[in-house]
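As provided, data.cif (mmCIF, C-alpha atoms and all ligand atoms) reads as follows.
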data_query
#
loop_
_atom_site.label_atom_id
_atom_site.label_comp_id
_atom_site.auth_asym_id
_atom_site.auth_seq_id
_atom_site.Cartn_x
_atom_site.Cartn_y
_atom_site.Cartn_z
CA MET A 1 18.02 42.79 9.44
CA GLN A 2 18.71 45.60 7.02
CA GLY A 3 19.16 49.04 8.60
CA SER A 4 18.01 52.14 6.73
CA TYR A 5 20.38 54.21 4.65
CA ARG A 6 20.45 56.43 1.60
CA HIS A 7 21.92 55.24 -1.68
CA ASP A 8 23.92 57.78 -3.67
CA ASP A 9 24.37 58.07 -7.42
CA ALA A 10 25.86 61.55 -7.31
CA CYS A 11 29.30 62.54 -6.00
CA ARG A 12 29.24 64.26 -2.59
CA VAL A 13 31.90 66.76 -3.70
CA CYS A 14 31.23 67.70 -7.33
CA GLY A 15 27.63 66.51 -7.69
CA LYS A 16 28.26 64.65 -10.99
CA GLU A 17 26.60 61.29 -11.54
CA ASP A 18 29.72 59.57 -12.80
CA LEU A 19 30.66 57.08 -10.11
CA ALA A 20 32.53 53.89 -10.98
CA ASP A 21 32.07 50.97 -8.57
CA ILE A 22 35.35 49.63 -7.23
CA VAL A 23 34.76 47.10 -4.50
CA SER A 24 31.81 45.74 -2.56
CA PHE A 25 32.17 44.35 0.97
CA GLY A 26 28.59 43.05 1.15
CA ALA A 27 26.19 43.88 4.02
CA LEU A 28 27.95 44.47 7.35
CA PRO A 29 27.07 45.83 10.81
CA LEU A 30 28.43 49.23 11.88
CA ALA A 31 32.06 48.90 12.97
CA ASN A 32 31.64 51.07 16.08
CA GLY A 33 28.43 49.43 17.28
CA PHE A 34 29.92 47.44 20.16
CA ILE A 35 27.49 44.87 21.55
CA ALA A 36 26.59 44.50 25.24
CA PRO A 37 27.04 40.84 26.27
CA GLY A 38 23.31 40.54 27.07
CA ALA A 39 22.47 41.46 23.47
CA ARG A 40 24.77 38.90 21.88
CA ASP A 41 21.97 36.85 20.32
CA GLU A 42 20.02 39.79 18.98
CA GLU A 43 20.15 40.13 15.24
CA GLU A 44 22.43 42.97 14.18
CA GLU A 45 21.39 45.64 11.72
CA THR A 46 23.50 45.48 8.59
CA TYR A 47 24.11 47.96 5.81
CA PRO A 48 25.67 47.37 2.41
CA LEU A 49 29.21 48.69 2.04
CA ASP A 50 30.06 49.53 -1.56
CA VAL A 51 32.98 51.72 -2.60
CA ALA A 52 33.04 53.86 -5.73
CA VAL A 53 35.25 56.53 -7.29
CA CYS A 54 34.09 59.71 -9.01
CA ARG A 55 35.48 59.95 -12.53
CA ASN A 56 35.18 63.74 -12.40
CA CYS A 57 36.84 64.87 -9.11
CA TRP A 58 38.34 61.48 -8.05
CA LEU A 59 36.64 61.36 -4.69
CA VAL A 60 36.59 57.80 -3.37
CA THR A 61 33.23 57.40 -1.66
CA LEU A 62 30.74 54.99 -0.18
CA ARG A 63 27.55 54.43 -2.11
CA GLN A 64 25.56 54.14 1.12
CA VAL A 65 25.06 56.85 3.71
CA VAL A 66 23.85 55.69 7.12
CA ASP A 67 21.92 58.30 9.16
CA PRO A 68 24.61 60.32 11.00
CA ALA A 69 22.42 60.52 14.11
CA ARG A 70 22.66 56.72 14.22
CA LEU A 71 26.46 56.90 13.98
CA PHE A 72 27.61 59.92 15.92
CA ARG A 73 25.14 61.14 18.57
CA HIS A 74 26.54 58.77 21.15
CA TYR A 75 30.01 57.94 20.12
CA VAL A 76 32.35 55.53 21.90
CA TYR A 77 35.36 56.75 19.97
CA VAL A 78 37.46 58.82 22.32
CA SER A 79 40.42 60.43 20.60
CA SER A 80 43.48 58.50 21.51
CA GLU A 81 45.85 59.39 24.30
CA SER A 82 48.69 57.44 22.66
CA ASP A 83 52.21 58.92 22.61
CA GLN A 84 52.09 59.21 18.85
CA ILE A 85 48.84 61.18 18.85
CA ARG A 86 49.97 63.41 21.71
CA ASP A 87 53.14 64.36 19.79
CA HIS A 88 51.09 64.90 16.68
CA MET A 89 48.63 67.18 18.48
CA ARG A 90 51.55 69.32 19.65
CA ARG A 91 52.76 69.55 16.07
CA ILE A 92 49.27 70.63 15.00
CA VAL A 93 49.44 73.55 17.46
CA ASP A 94 52.70 74.66 15.79
CA LEU A 95 51.35 74.09 12.30
CA GLY A 96 48.07 75.92 13.00
CA THR A 97 49.89 78.83 14.65
CA ARG A 98 52.21 79.12 11.67
CA GLN A 99 49.62 78.65 8.92
CA ALA A 100 47.08 81.05 10.45
CA ASP A 101 49.76 83.41 11.78
CA LEU A 102 48.04 83.31 15.19
CA ALA A 103 48.54 86.01 17.80
CA PRO A 104 47.77 85.54 21.54
CA GLY A 105 44.03 85.68 22.23
CA ASP A 106 43.03 84.74 18.66
CA LEU A 107 40.08 82.38 18.31
CA VAL A 108 40.53 78.73 17.28
CA VAL A 109 37.38 76.76 16.36
CA GLU A 110 37.57 73.02 16.03
CA LEU A 111 35.06 70.77 14.25
CA GLY A 112 34.83 67.23 15.59
CA SER A 113 36.55 68.40 18.76
CA ASN A 114 35.80 65.14 20.63
CA VAL A 115 36.81 65.42 24.32
CA GLY A 116 38.77 68.61 23.71
CA THR A 117 42.31 67.27 23.91
CA GLN A 118 43.59 69.17 20.86
CA LEU A 119 41.84 72.42 21.81
CA GLY A 120 43.19 72.13 25.34
CA LEU A 121 46.68 72.42 23.86
CA PHE A 122 45.71 75.52 21.88
CA GLN A 123 44.25 76.97 25.07
CA GLU A 124 47.50 76.33 26.95
CA ALA A 125 49.34 78.09 24.14
CA GLY A 126 47.31 81.26 24.84
CA PHE A 127 44.46 81.13 22.32
CA ARG A 128 40.70 81.29 22.86
CA VAL A 129 38.96 78.09 21.79
CA VAL A 130 35.51 76.74 20.94
CA GLY A 131 34.79 73.16 19.90
CA VAL A 132 31.83 71.68 18.03
CA ASP A 133 31.03 67.97 18.03
CA PRO A 134 27.77 66.07 17.55
CA ALA A 135 28.51 63.56 20.32
CA ALA A 136 26.87 65.01 23.45
CA ASN A 137 28.64 62.52 25.73
CA LEU A 138 32.06 63.68 24.53
CA VAL A 139 31.18 67.39 24.53
CA GLU A 140 30.18 67.08 28.18
CA LYS A 141 33.64 65.71 28.98
CA ALA A 142 35.30 68.57 27.05
CA ASN A 143 33.29 71.20 28.94
CA GLU A 144 34.15 69.53 32.26
CA ARG A 145 37.82 69.97 31.50
CA GLY A 146 37.28 73.65 30.66
CA VAL A 147 37.29 73.46 26.87
CA GLU A 148 34.14 75.30 25.75
CA SER A 149 32.30 72.99 23.39
CA ILE A 150 28.93 72.83 21.67
CA ALA A 151 27.05 69.58 20.95
CA ASP A 152 25.95 70.00 17.35
CA PHE A 153 26.67 69.11 13.73
CA PHE A 154 28.84 71.95 12.44
CA GLY A 155 27.23 74.17 9.79
CA PRO A 156 26.19 77.80 9.17
CA GLU A 157 24.01 78.03 12.32
CA PRO A 158 26.48 76.97 15.01
CA ALA A 159 29.13 78.91 13.03
CA SER A 160 27.22 82.20 13.09
CA ARG A 161 26.35 81.70 16.77
CA ILE A 162 30.07 81.32 17.53
CA ALA A 163 30.91 84.37 15.40
CA GLU A 164 28.32 86.47 17.28
CA ARG A 165 29.50 85.42 20.73
CA HIS A 166 33.25 85.18 20.20
CA GLY A 167 34.05 86.94 16.92
CA ARG A 168 35.54 85.36 13.82
CA ALA A 169 38.05 82.53 14.04
CA SER A 170 41.63 83.02 12.90
CA LEU A 171 41.95 79.26 12.65
CA VAL A 172 39.27 76.69 11.88
CA LEU A 173 40.53 73.19 12.46
CA GLY A 174 39.06 69.83 11.52
CA ARG A 175 41.14 66.82 12.45
CA GLN A 176 40.09 63.40 11.21
CA CYS A 177 36.45 64.36 10.79
CA PHE A 178 35.94 65.35 7.14
CA ALA A 179 35.82 61.74 6.03
CA HIS A 180 32.80 61.27 8.32
CA ILE A 181 30.81 64.21 7.01
CA ASP A 182 28.05 63.66 4.47
CA ASP A 183 27.12 67.24 3.62
CA VAL A 184 30.64 68.66 3.26
CA HIS A 185 29.19 71.73 1.53
CA ARG A 186 27.12 72.67 4.56
CA VAL A 187 30.22 72.37 6.74
CA LEU A 188 32.21 74.57 4.38
CA ASP A 189 29.33 77.08 4.32
CA GLY A 190 29.80 77.16 8.10
CA VAL A 191 33.53 77.70 7.69
CA GLU A 192 32.80 80.63 5.37
CA GLU A 193 30.60 82.14 8.15
CA VAL A 194 33.07 81.89 10.98
CA LEU A 195 36.51 82.21 9.36
CA ALA A 196 38.16 85.63 9.70
CA PRO A 197 39.05 87.24 6.33
CA GLY A 198 42.77 86.52 6.79
CA GLY A 199 42.26 83.26 8.68
CA ALA A 200 43.15 79.71 7.73
CA LEU A 201 41.24 76.45 7.54
CA VAL A 202 43.35 73.43 8.49
CA ILE A 203 41.91 70.01 7.71
CA GLU A 204 43.49 66.65 8.50
CA VAL A 205 42.26 63.55 6.71
CA PRO A 206 43.59 60.04 6.13
CA TYR A 207 45.43 60.14 2.81
CA LEU A 208 43.94 58.15 -0.05
CA LEU A 209 47.40 57.59 -1.51
CA ASP A 210 48.50 55.84 1.70
CA LEU A 211 45.28 53.83 1.84
CA LEU A 212 45.95 52.50 -1.65
CA ASP A 213 49.72 52.03 -1.32
CA GLU A 214 49.48 50.29 2.07
CA ASN A 215 46.31 48.35 1.26
CA GLN A 216 44.43 49.77 4.25
CA PHE A 217 41.11 48.25 3.20
CA ASP A 218 40.05 47.92 6.86
CA THR A 219 39.80 51.72 7.17
CA ILE A 220 36.84 51.52 4.79
CA TYR A 221 33.66 51.29 6.84
CA HIS A 222 30.27 53.02 7.07
CA GLU A 223 31.51 55.92 9.19
CA HIS A 224 34.11 56.87 6.62
CA LEU A 225 32.06 58.23 3.77
CA SER A 226 34.90 59.90 1.84
CA TYR A 227 38.54 59.05 1.10
CA PHE A 228 40.38 62.19 0.05
CA SER A 229 43.32 63.14 -2.11
CA VAL A 230 44.80 66.64 -2.52
CA THR A 231 43.27 66.63 -6.02
CA THR A 232 39.75 66.24 -4.62
CA LEU A 233 40.17 68.60 -1.66
CA ARG A 234 41.43 71.34 -3.95
CA HIS A 235 38.34 70.89 -6.08
CA LEU A 236 36.06 70.94 -3.01
CA PHE A 237 37.61 74.04 -1.44
CA ALA A 238 37.47 75.97 -4.71
CA LEU A 239 33.67 75.52 -4.71
CA HIS A 240 33.65 77.56 -1.46
CA GLY A 241 36.01 80.35 -2.41
CA LEU A 242 38.86 78.70 -0.57
CA ARG A 243 42.32 78.05 -1.98
CA LEU A 244 44.40 75.08 -0.90
CA VAL A 245 47.80 76.64 -0.19
CA ASP A 246 49.77 74.09 1.81
CA VAL A 247 49.89 70.40 2.62
CA GLU A 248 51.99 68.24 4.92
CA ARG A 249 51.98 64.48 5.24
CA ALA A 250 51.67 63.12 8.78
CA PRO A 251 52.27 59.54 9.95
CA VAL A 252 49.04 59.32 12.01
CA HIS A 253 46.15 56.92 11.28
CA GLY A 254 48.22 55.03 8.76
CA GLY A 255 49.20 58.17 6.84
CA SER A 256 47.32 61.45 6.72
CA ILE A 257 47.54 64.85 5.07
CA VAL A 258 47.13 68.15 6.86
CA VAL A 259 45.97 70.73 4.33
CA THR A 260 45.67 74.49 4.76
CA ALA A 261 43.21 76.63 2.82
CA VAL A 262 42.69 80.38 2.86
CA ARG A 263 40.11 82.63 1.26
CA GLU A 264 40.60 83.37 -2.43
CA GLY A 265 41.72 86.94 -2.76
CA THR A 266 44.25 86.88 0.07
CA GLY A 267 46.86 86.58 -2.67
CA ARG A 268 48.55 83.62 -1.01
CA GLU A 269 49.88 81.18 -3.62
CA PRO A 270 50.03 77.38 -3.20
CA ALA A 271 53.33 76.15 -1.74
CA PRO A 272 55.48 73.71 -3.75
CA SER A 273 54.22 70.91 -1.45
CA VAL A 274 50.80 71.27 -3.10
CA THR A 275 51.97 70.93 -6.69
CA GLY A 276 54.37 68.18 -5.55
CA LEU A 277 51.56 66.01 -4.20
CA LEU A 278 49.22 66.80 -7.10
CA ASP A 279 51.94 65.50 -9.44
CA LEU A 280 52.58 62.45 -7.26
CA GLU A 281 48.87 61.63 -7.20
CA ARG A 282 48.68 61.79 -10.98
CA GLU A 283 51.82 59.67 -11.39
CA SER A 284 50.47 57.14 -8.87
CA GLY A 285 47.31 56.69 -10.91
CA LEU A 286 44.86 58.32 -8.49
CA THR A 287 43.20 60.03 -11.43
CA ASP A 288 42.90 56.77 -13.36
CA GLU A 289 40.25 54.10 -12.80
CA ALA A 290 42.75 51.28 -13.37
CA ARG A 291 44.49 52.07 -10.06
CA TYR A 292 41.27 51.32 -8.20
CA ARG A 293 40.76 48.03 -10.04
CA ARG A 294 44.24 46.97 -8.88
CA PHE A 295 43.32 47.92 -5.31
CA ALA A 296 40.19 45.74 -5.47
CA ALA A 297 42.25 42.75 -6.61
CA GLN A 298 44.77 43.33 -3.83
CA VAL A 299 42.02 43.47 -1.19
CA GLU A 300 40.66 40.15 -2.39
CA ARG A 301 44.11 38.53 -2.21
CA VAL A 302 45.24 39.95 1.15
CA THR A 303 41.98 39.27 3.01
CA GLY A 304 42.30 35.64 1.87
CA ARG A 305 45.90 35.45 3.09
CA VAL A 306 45.08 36.93 6.51
CA ARG A 307 42.16 34.52 6.93
CA ASP A 308 44.27 31.50 5.91
CA LEU A 309 47.13 32.45 8.22
CA VAL A 310 44.96 32.96 11.31
CA GLN A 311 42.88 29.86 10.62
CA GLU A 312 46.01 27.72 10.17
CA LEU A 313 47.52 28.96 13.42
CA ALA A 314 44.28 28.33 15.30
CA ALA A 315 43.99 24.86 13.72
CA GLN A 316 47.52 24.08 14.93
CA GLY A 317 46.37 24.87 18.45
CA ALA A 318 47.96 28.30 18.76
CA ARG A 319 46.07 30.77 20.97
CA VAL A 320 45.42 33.91 18.96
CA ALA A 321 43.96 37.21 20.24
CA GLY A 322 43.48 40.67 18.77
CA TYR A 323 45.60 43.63 19.85
CA GLY A 324 43.37 46.68 20.03
CA ALA A 325 39.68 46.85 19.23
CA PRO A 326 39.60 49.79 16.79
CA SER A 327 36.80 50.15 14.28
CA LYS A 328 39.18 49.10 11.56
CA GLY A 329 39.87 45.91 13.55
CA THR A 330 36.18 45.05 13.64
CA GLN A 331 36.12 45.71 9.95
CA LEU A 332 39.19 43.60 9.22
CA LEU A 333 37.79 40.62 11.12
CA MET A 334 34.43 40.85 9.34
CA VAL A 335 35.94 41.26 5.89
CA CYS A 336 38.43 38.42 6.44
CA GLY A 337 35.79 36.18 8.02
CA ILE A 338 37.66 35.77 11.32
CA GLY A 339 35.57 35.29 14.47
CA GLU A 340 35.30 33.74 17.91
CA ARG A 341 36.56 30.39 16.67
CA GLU A 342 39.96 31.85 15.81
CA LEU A 343 40.29 34.78 18.23
CA GLU A 344 39.91 34.34 21.99
CA PHE A 345 39.55 38.04 22.77
CA CYS A 346 40.73 41.52 21.80
CA SER A 347 42.61 43.64 24.28
CA ASP A 348 42.01 47.39 24.24
CA THR A 349 42.98 50.33 26.44
CA THR A 350 39.55 52.03 26.09
CA SER A 351 37.54 51.17 29.22
CA LEU A 352 34.24 51.95 27.43
CA LYS A 353 34.86 48.92 25.23
CA HIS A 354 35.69 46.43 28.00
CA GLY A 355 33.20 43.60 28.43
CA LYS A 356 31.56 44.38 25.10
CA LEU A 357 31.59 42.22 21.97
CA LEU A 358 32.86 43.32 18.58
CA PRO A 359 30.11 43.81 16.02
CA GLY A 360 29.91 41.00 13.49
CA SER A 361 32.69 38.76 14.76
CA LYS A 362 31.36 38.83 18.40
CA VAL A 363 34.89 38.61 19.78
CA PRO A 364 34.90 39.86 23.43
CA VAL A 365 36.98 42.90 24.39
CA CYS A 366 39.03 42.95 27.59
CA SER A 367 41.53 45.21 29.31
CA PRO A 368 45.28 45.01 28.64
CA GLU A 369 45.74 43.80 32.24
CA GLU A 370 43.40 40.86 31.70
CA ALA A 371 45.06 40.15 28.35
CA ARG A 372 48.45 40.03 30.01
CA GLU A 373 47.18 37.34 32.35
CA ARG A 374 45.56 35.34 29.59
CA ARG A 375 48.65 35.72 27.45
CA PRO A 376 48.00 34.37 23.94
CA ASP A 377 50.70 32.98 21.62
CA TYR A 378 49.90 35.44 18.85
CA TYR A 379 48.41 38.90 18.71
CA LEU A 380 46.75 39.92 15.47
CA LEU A 381 47.72 43.59 15.41
CA LEU A 382 44.40 45.27 14.68
CA ALA A 383 45.65 48.71 15.81
CA TRP A 384 48.46 48.50 13.20
CA ASN A 385 48.64 52.31 12.96
CA TYR A 386 50.40 52.20 16.34
CA ALA A 387 52.64 49.24 15.39
CA GLU A 388 55.90 50.87 16.41
CA GLU A 389 54.64 52.08 19.77
CA ILE A 390 52.91 48.80 20.57
CA ILE A 391 55.82 46.58 19.61
CA ARG A 392 58.09 48.74 21.79
CA LYS A 393 55.63 48.52 24.69
CA GLU A 394 55.17 44.75 24.35
CA ARG A 395 58.86 43.89 24.40
CA ALA A 396 58.32 41.44 27.30
CA PHE A 397 55.60 39.58 25.37
CA LEU A 398 57.98 39.19 22.43
CA GLU A 399 60.95 38.25 24.63
CA GLN A 400 58.84 35.45 26.11
CA GLY A 401 58.24 34.02 22.64
CA GLY A 402 55.01 35.86 21.81
CA ARG A 403 54.45 37.00 18.24
CA PHE A 404 52.51 39.66 16.40
CA ILE A 405 50.71 39.13 13.13
CA VAL A 406 50.77 42.44 11.25
CA PRO A 407 47.92 42.10 8.73
CA ILE A 408 48.68 44.80 6.14
CA PRO A 409 49.95 45.72 3.57
CA GLU A 410 50.73 41.98 3.40
CA PRO A 411 50.39 39.72 6.44
CA ARG A 412 53.69 39.10 8.25
CA ILE A 413 54.76 37.67 11.59
CA VAL A 414 56.89 39.74 13.97
CA SER A 415 58.94 37.96 16.64
CA ALA A 416 61.63 39.17 19.08
CA GLN A 417 64.16 38.05 16.48
CA SER A 418 62.62 39.95 13.58
CA VAL A 419 62.36 43.13 15.66
CA LYS A 420 66.12 42.99 16.24
CA GLU A 421 66.80 42.63 12.54
CA PRO A 422 66.61 45.91 10.69
CA ILE A 423 63.71 45.80 8.26
P1 LIG A 501 42.29 54.08 16.38
O1 LIG A 501 43.27 53.58 15.44
O2 LIG A 501 42.50 55.43 16.95
O3 LIG A 501 40.83 54.03 15.85
P2 LIG A 501 39.82 53.58 14.72
O4 LIG A 501 40.33 52.48 13.83
O5 LIG A 501 38.65 53.13 15.57
O6 LIG A 501 39.57 54.86 14.01
O7 LIG A 501 42.09 53.07 17.59
C1 LIG A 501 43.10 52.42 18.17
C2 LIG A 501 42.53 51.48 19.20
O8 LIG A 501 43.59 50.71 19.73
C3 LIG A 501 41.85 52.18 20.37
O9 LIG A 501 40.64 51.50 20.68
C4 LIG A 501 42.85 52.03 21.51
C5 LIG A 501 43.60 50.80 21.14
N1 LIG A 501 44.99 50.75 21.58
C6 LIG A 501 45.36 49.76 22.49
O10 LIG A 501 44.52 48.95 22.90
N2 LIG A 501 46.66 49.72 22.91
C7 LIG A 501 47.60 50.61 22.48
O11 LIG A 501 48.77 50.53 22.90
C8 LIG A 501 47.21 51.62 21.54
C9 LIG A 501 48.22 52.62 21.03
C10 LIG A 501 45.89 51.66 21.12
ZN ZN A 502 33.09 64.08 -7.90
#
Could you take the file, read its structure, and then write that structure out as C-alpha cells?
Ligand code: TYD
Ligand code: ZN
Amino acid sequence: MQGSYRHDDACRVCGKEDLADIVSFGALPLANGFIAPGARDEEEETYPLDVAVCRNCWLVTLRQVVDPARLFRHYVYVSSESDQIRDHMRRIVDLGTRQADLAPGDLVVELGSNVGTQLGLFQEAGFRVVGVDPAANLVEKANERGVESIADFFGPEPASRIAERHGRASLVLGRQCFAHIDDVHRVLDGVEEVLAPGGALVIEVPYLLDLLDENQFDTIYHEHLSYFSVTTLRHLFALHGLRLVDVERAPVHGGSIVVTAVREGTGREPAPSVTGLLDLERESGLTDEARYRRFAAQVERVTGRVRDLVQELAAQGARVAGYGAPSKGTQLLMVCGIGERELEFCSDTTSLKHGKLLPGSKVPVCSPEEARERRPDYYLLLAWNYAEEIIRKERAFLEQGGRFIVPIPEPRIVSAQSVKEPI
C-alpha cells in the first residue's frame, strides 16, 4: 500500500531544478514506524526512497517528502542517554557558550529539543531556556522536568511568540534536526525573528563527508530529507543574511559537524576551520557528481556482502540477533534483505520499543536483559555509531565466545581476540 508523499524536482536549499539521481532504494516503510505485535499482518504503507544531489549547491536530498505530521507528531525517538551523547551534550554547552559569548541569564532557544536533556544542561549552567519540538509526547516530558518547551514546528510564529515573552535569544541551537526539516527557509526565517543581533546560531548535522567516506547508507531514510556539507550550509545561511563563521567535527551519529553562523554585518570573519573543510570537501569530490556514482556502487556491493555474511551464518546454524533497534538498523535490514529468518530478535535499551516489531523486516525488539538470557552467537551491530561503548560494555559476551558483526564501512567480525589486537 503506497502512502502519500510529495515528489520534488527542485532543490530544497537553492530552489534550482538541477537534481541528479544517485541511488534508489525502492519503496520502503518508514524506519521509525514500529509495529505493535497485533498489527503484524496488516499491510504496511510504503514510500519510494530515491536519493539525488543538487548540481548547483550540492545538497544531497530525498526526492520524496513524507508528510511531517505523519513522521514527527508522535515520535518514539528519545534522544539517547548514552555516555557518548552525554559527554557530547556537555561539550555543546561549552561550544555554545563560547560561540555566542553567553552571559548568565541569556536566553538559549533549541529547535528539536526532544525531552529537554540538552537544554537542561544549559539551564544548570545558568541560562534561561525555551525548547520547541513538534512531538507533543516528548515536549510533555521536557516540561515535566522543568525545561520550558512548546509543541510546534519551529518557524516565524513560535519564534516571535518566544521573542515577545522572553526577549531575543543569544543562542539558537538545533542539534540533529536540520536533516529532518523540509521547509528549511521557514525555520531560518524563524531564526531571523528570534536571534539577538549579536547572537549565534549553532546547528549540528550528520556530516555528508562521513556518510560517503564510511558508507553509512543506512542513515538514509524518509525522515532524513537532507544530507549536508559545509558547502551547502554556507549557501543556505547566506540566503538568510547569516554567515557561517565556525565549524567543528564531532564523533556523534557516525560523524557530525557543528556549525556556527552569525548575522552578516557583525564583522565576524570565518575561522580557518571553515575554509579548511570547504577545501577538503572539494578535494574529496563532494562538488563532483562522480563521487556520488562511486557511493552508489559501494552501497550495492556492501549491502550484498552484509546479506551474504548473515545468511551464511544463519545457514550454518549460528544464532544471530541485532544489537540496537535504531532507525538506521531497520533501514539496514530492509535494504540488505535481512529478516526474521536470519535474525531472532533485536535488543534495545529504549523501553518504548520493547515488544514491538521492526518495520519491514518484522524482527521483534526485546530488552537487553531478555537478550542476555537468550544469548545469541552473533550480534549484528545495528547501533554501530556506539560501537566503542557497546563493545566495552559487552566484554563478557565477547569473553564467552560471542561475536559482533560490524556492518559498515565494510562488514567485519569482532571477537574477544580482535578487540585485544590494536586495529
Ligand atoms: P541512534 O543511533 O541514536 O538512532 P537512530 O539511528 O534511530 O537515529 O539509536 C541508537 C539505538 O541503539 C537506540 O534505540 C538505543 C540503542 N542502544 C542500545 O540498545 N544499547 C546501547 O548500548 C546503546 C548505546 C544504544
Ligand atoms: Zn541546490
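Of the residues under consideration (A:Asp94, A:Glu44, A:Glu157, A:Asp83), A:Asp83 shows the shortest atom-to-atom contact distance to ligand LIG 501 (chain A) when counting only C-alpha atoms and all ligand atoms.
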Near-ligand residues for ligand LIG 501 (chain A), threshold 10 Å, only C-alpha atoms and all ligand atoms, as a ChimeraX atom specification
/A:31-32,76-85,176,218-221,223-224,252-254,322-331,346-353,365-368,381-394
Pairwise distance for CA of Leu19 (chain A) and CA of Phe295 (chain A), rounded to one decimal in Å
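Straight-line distance from CA of Leu19 (chain A) to CA of Phe295 (chain A) works out to 16.3 Å.
Residue nearest ligand ZN 502 (chain A) within the list A:Glu342, A:Glu214, A:Asp8, A:Glu204: A:Asp8 [criterion: smallest interatomic distance, all atoms listed in the file].
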Nearest to ligand ZN 502 (chain A), chosen from A:Ser160, A:Thr46, A:Thr303, A:Thr232, with only C-alpha atoms and all ligand atoms counted in the distances:
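Result for the nearest residue to ligand ZN 502 (chain A): A:Thr232.
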Within-8 Å residues of ligand ZN 502 (chain A), basis only C-alpha atoms and all ligand atoms, as a list of chain:residue names:
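Here is the list of contacting residues: A:Ala10, A:Cys11, A:Arg12, A:Val13, A:Cys14, A:Gly15, A:Lys16, A:Glu17, A:Asp18, A:Leu19, A:Val53, A:Cys54, A:Arg55, A:Asn56, A:Cys57, A:Trp58, A:Leu59, A:Thr232.
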Nearest to Val23 (chain A) among A:Ser149, A:Gln298, A:Thr231, A:Thr117, with distances taken over only C-alpha atoms: which residue is it?
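Ranked by minimum distance to Val23 (chain A), first place goes to A:Gln298.
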Long-range neighbours of Asp377 (chain A) as an NGL selection string, 12 Å cut-off, all atoms listed in the file, 5 positions minimum in chain:
:A and (310 or 313-314 or 316-323 or 343-344 or 371-372 or 397-405 or 413-415)
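With all atoms listed in the file as the basis for measurement, A:Asn114 is the residue among A:Asn114, A:Arg128, A:Ser361, A:Leu309 that approaches Glu140 (chain A) most closely.
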Let me make sure I understand: among A:Tyr379, A:Phe237, A:Phe154, A:Tyr207, which one has the smallest atom-to-atom distance to Gly131 (chain A) if we use only C-alpha atoms?
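When distances to Gly131 (chain A) are compared using only C-alpha atoms, the smallest one comes from A:Phe154.
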Rounded to one decimal in Å, what is the spacing between CA of Arg305 (chain A) and CA of Arg63 (chain A)?
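Separating CA of Arg305 (chain A) from CA of Arg63 (chain A) is a distance of 26.9 Å.
You will find CA of Gly285 (chain A) at 26.6 Å from CA of Val65 (chain A).
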If we count all atoms listed in the file and set the cut-off at 8 Å, which residues sit around Pro364 (chain A), ignoring sequence neighbours fewer than 5 positions away in its own chain? Please answer as a list in words.
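Neighbouring residues, sequence-local ones excluded: Glu344, Phe345, Cys346, Gly355, Lys356, Leu357 and Leu358 of chain A.
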7 Å contact set for region 409-411 of chain A, all atoms listed in the file, chain neighbours under 2 positions out, as JSON, numbers by chain:
{"A": [214, 215, 216, 302, 306, 405, 406, 407]}
Output C-alpha atoms for every residue in the selection just made, as a PDB file, in the frame of the given file.
ATOM      1  CA  GLU A 214      49.480  50.290   2.070  1.00  0.00           C
ATOM      2  CA  ASN A 215      46.310  48.350   1.260  1.00  0.00           C
ATOM      3  CA  GLN A 216      44.430  49.770   4.250  1.00  0.00           C
ATOM      4  CA  VAL A 302      45.240  39.950   1.150  1.00  0.00           C
ATOM      5  CA  VAL A 306      45.080  36.930   6.510  1.00  0.00           C
ATOM      6  CA  ILE A 405      50.710  39.130  13.130  1.00  0.00           C
ATOM      7  CA  VAL A 406      50.770  42.440  11.250  1.00  0.00           C
ATOM      8  CA  PRO A 407      47.920  42.100   8.730  1.00  0.00           C
TER       9      PRO A 407
END
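Using all atoms listed in the file, the protein and nucleic acid residues lying at most 10 Å from the point (41.9, 72.1, -5.1) are Cys57, Ser229, Val230, Thr231, Thr232, Leu233, Arg234, His235, Leu236, Phe237, Ala238, Leu239, Leu242, Arg243, Leu244, Val245, Ala261, Pro270, Val274 and Leu278 of chain A.
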Would you compute an axis-aligned box for region 215-233 of chain A, covering every atom listed for it in the file with 5 Å of margin on each side, and report centre and edge lengths in Å to one decimal as AutoDock Vina command-line options?
--center_x 38.3 --center_y 58.3 --center_z 1.6 --size_x 26.0 --size_y 30.7 --size_z 25.2
Excluding Val205 (chain A) and residues on its chain fewer than 4 positions from it, collect all residues at most 9 Å away from it, counting only C-alpha atoms, and give them as a ChimeraX atom specification.
/A:174-179,227-229,253,255-259
Tell me which protein, DNA and RNA residues are within 12 Å of Arg294 (chain A), counting all atoms listed in the file, leaving out same-chain ones fewer than 6 positions away, and put them as an MDAnalysis selection string.
chainID A and resid 22:23 212:213 215 284:286 288 300:301
Quick test: take region 245-249 of chain A, keep N, CA, C and O atoms, and write it as a PDB file, in the first residue's frame.
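Below is the file that was written, out_32.pdb:
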ATOM      1  N   VAL A 245      30.581  31.003  10.333  1.00  0.00           N
ATOM      2  CA  VAL A 245      31.874  31.511  10.794  1.00  0.00           C
ATOM      3  C   VAL A 245      32.739  30.473  11.495  1.00  0.00           C
ATOM      4  O   VAL A 245      33.916  30.713  11.750  1.00  0.00           O
ATOM      5  N   ASP A 246      32.151  29.320  11.846  1.00  0.00           N
ATOM      6  CA  ASP A 246      32.980  28.321  12.518  1.00  0.00           C
ATOM      7  C   ASP A 246      32.382  26.943  12.299  1.00  0.00           C
ATOM      8  O   ASP A 246      31.174  26.819  12.080  1.00  0.00           O
ATOM      9  N   VAL A 247      33.221  25.935  12.343  1.00  0.00           N
ATOM     10  CA  VAL A 247      32.736  24.559  12.229  1.00  0.00           C
ATOM     11  C   VAL A 247      33.678  23.635  12.988  1.00  0.00           C
ATOM     12  O   VAL A 247      34.891  23.816  12.973  1.00  0.00           O
ATOM     13  N   GLU A 248      33.074  22.677  13.696  1.00  0.00           N
ATOM     14  CA  GLU A 248      33.865  21.643  14.376  1.00  0.00           C
ATOM     15  C   GLU A 248      33.293  20.301  13.985  1.00  0.00           C
ATOM     16  O   GLU A 248      32.084  20.161  13.849  1.00  0.00           O
ATOM     17  N   ARG A 249      34.179  19.307  13.823  1.00  0.00           N
ATOM     18  CA  ARG A 249      33.676  17.955  13.592  1.00  0.00           C
ATOM     19  C   ARG A 249      33.464  17.295  14.945  1.00  0.00           C
ATOM     20  O   ARG A 249      34.195  17.555  15.892  1.00  0.00           O
TER      21      ARG A 249
END
